[in-house]
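A.B. asks: I have a structure here, written as structure tokens, and I will follow up with some questions on it.
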Amino acid sequence: MQTIQANGYSIFFSESGYEALNQKLQKEKYSSIFVLVDSHSNECCLPQFLPYLATDISIEVIEFDSGESSKNIEICVQIWEALTELGADRKSVIINLGGGVVTDLGGFVASTFKRGIDFIHVPTTLLAMVDASVGGKNGIDLGNLKNQIGVINVPKMIIIDSTYLETLPKNEMRSGLAEMLKHGLIQDEAYWKQFIDLNQLDIVDFDALIYQSIIIKNKIVMQDPTEDGIRKALNFGHTLGHAIESYFLESEHKATLLHGEAIAAGMILESFISWQKKLIQEQEYLEIKNTINHIFDRIDFEESDLEPIQELLIHDKKNEYGMIQFALLDSIGKIKINQTAEKELITAAFLNYKT
């Protein structure tokens with residue numbers, strides 16, 4: 001697959017990525033290499049990755065516990081302290097090997113350590129490959145609030161190697177599918193249609209779908225790197241999805257949701273709002289709802305969940321002047337940003353979701 005050019009960096013695929021990585025390490029003459037992993041990628045992906053590194057530069061591995069609960073300032077402090085103790089300097093480089101938590105957190109750690117050192121992403125989950133690693137967003141959660149602290153700063157390169165996906169459980173693969181579905185819904189109706197019957201796809205098709213998903217996201221980011229305008233389109237499903245994810249993360253009586261599971265529900269809810277605001281047709285809404293429900297298990301919302309979930313919406317990072325902002329569909333394949341929705345309409349979306 002051809003290399004994709006992004007804003008200030010390149011996205012490489014498979015063997016060409018490792019070749020480019022070794023050339024980069026040689027050219028930049030880094031003083032040391034730090035590979036950041038979580039407990040899952042350390043066990044399942046690091047043994048596959050390390051043999052590709054053809055360098056005499058010192059390599060250290062830093063591990064933290066896997067999961068969204070590690071995406072916080074305390075883990076950052078531990079990693080900054082480890083980097084300091086291991087002698088990292090301004091000419092060190094961090095390679096983030098893992099899923100979206102690793103790339104989000106690792107990019108933030110690198111961007112702030114000694115006012116910024118180089119970092120490289122090697123995403124190992126579907127979600128990280130098609131979304132989290134692409135676009136330069138790096139950050140952590142503030143308590144249960146998603147991505148409240150962070151910076152926009154691009155990596156030196158990204159390496160996409162789909163063989164890492166063989167290490168993923170099925171629910172993690174489904175989680176990544178949510179972002180791919182989103183890319184079709186907001187930008188490319190023909191791409192969306194390919195997901196209506198996943199049984200017809202083989203692994204060759206899937207590699208091509210990953211590639212196209214990255215193309216779609218990168219195209220939007222290239223137009224608006226700092227999310228002042230059209231990049232807000234990428235938040236379709238995320239206004240309500242992030243609130244759902246945060247609520248389930250903090251609730252002792254709820255099972256923690258994967259990011260994609262929450263976003264899948266958010267896309268159905270925000271598609272309902274789009275329909276009710278006469279931006280899409282009823283048959284489009286039903287097509288979206290049925291397709292997503294065929295892939296993802298339906299989340300069980302109690303009536304008592306709705307109020308606290310809606311209270312979390314005020315913390316969404318798109319909000320301006322205290323107004324909750326949505327990116328809504330304007331037919332499948334098109335988007336309208338900076339949209340609002342009344343509380344009663346949001347409640348109606350949840351009630352319809354349960355039917």
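Residues are named by chain letter and number: chains run A, B, ... in the order of the structure tokens, numbers start at 1 in each chain, and ligands are numbered from 1 in the order shown.
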Go through range 201-246 of chain A residue by residue and, counting only C-alpha atoms, keep those with an atom at most 12 Å from range 295-299 of chain A; for each kept residue give the shortest atom pair and its distance in Å to one decimal, ordered by chain and increasing number, as CSV.
C.D. replies:
```
residue,atom,partner,partner_atom,distance
A:Gly241,CA,A:Ile299,CA,11.5
A:Ile244,CA,A:Ile299,CA,9.8
A:Glu245,CA,A:Ile299,CA,11.0
```
A.B. asks: Find the residues near Lys114 in chain A: any atom within 9 Å, counting only C-alpha atoms, skip ones fewer than 3 places away on the same chain, and give them as a list in words.
C.D. replies: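 Residues near the query, excluding close chain neighbours: Asp89, Arg90, Ala110, Ser111 and Ile117 of chain A.
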A.B. asks: Using only C-alpha atoms, which residues of range 36-137 of chain A come within 10 Å of range 166-169 of chain A, and what is the closest atom pair for each, with the distance in Å to one decimal? Give it as a Markdown table, sorted by chain and residue number.
C.D. replies:
```
| residue | atom | partner | partner_atom | distance |
| --- | --- | --- | --- | --- |
| A:His40 | CA | A:Thr167 | CA | 9.1 |
| A:Ser41 | CA | A:Thr167 | CA | 8.8 |
| A:Glu43 | CA | A:Thr167 | CA | 9.8 |
| A:Cys44 | CA | A:Thr167 | CA | 6.3 |
| A:Cys45 | CA | A:Thr167 | CA | 7.6 |
| A:Thr124 | CA | A:Thr167 | CA | 8.5 |
| A:Thr125 | CA | A:Leu168 | CA | 7.0 |
| A:Leu126 | CA | A:Leu168 | CA | 8.7 |
```
A.B. asks: Closest to Lys193 in chain A among A:Asn235, A:Glu284, A:Pro51, A:Gly229, using only C-alpha atoms?
C.D. replies: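 Nearest candidate to Lys193 in chain A out of A:Asn235, A:Glu284, A:Pro51, A:Gly229: A:Glu284.
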A.B. asks: Select from range 27-217 of chain A everything DSSP, run on the backbone, classes as strand (DSSP E or B), then give the selection as a VMD selection string.
C.D. replies: chain A and resid 32 to 38 59 to 64 92 to 98 118 to 123 137 to 142 145 to 152 157 to 160
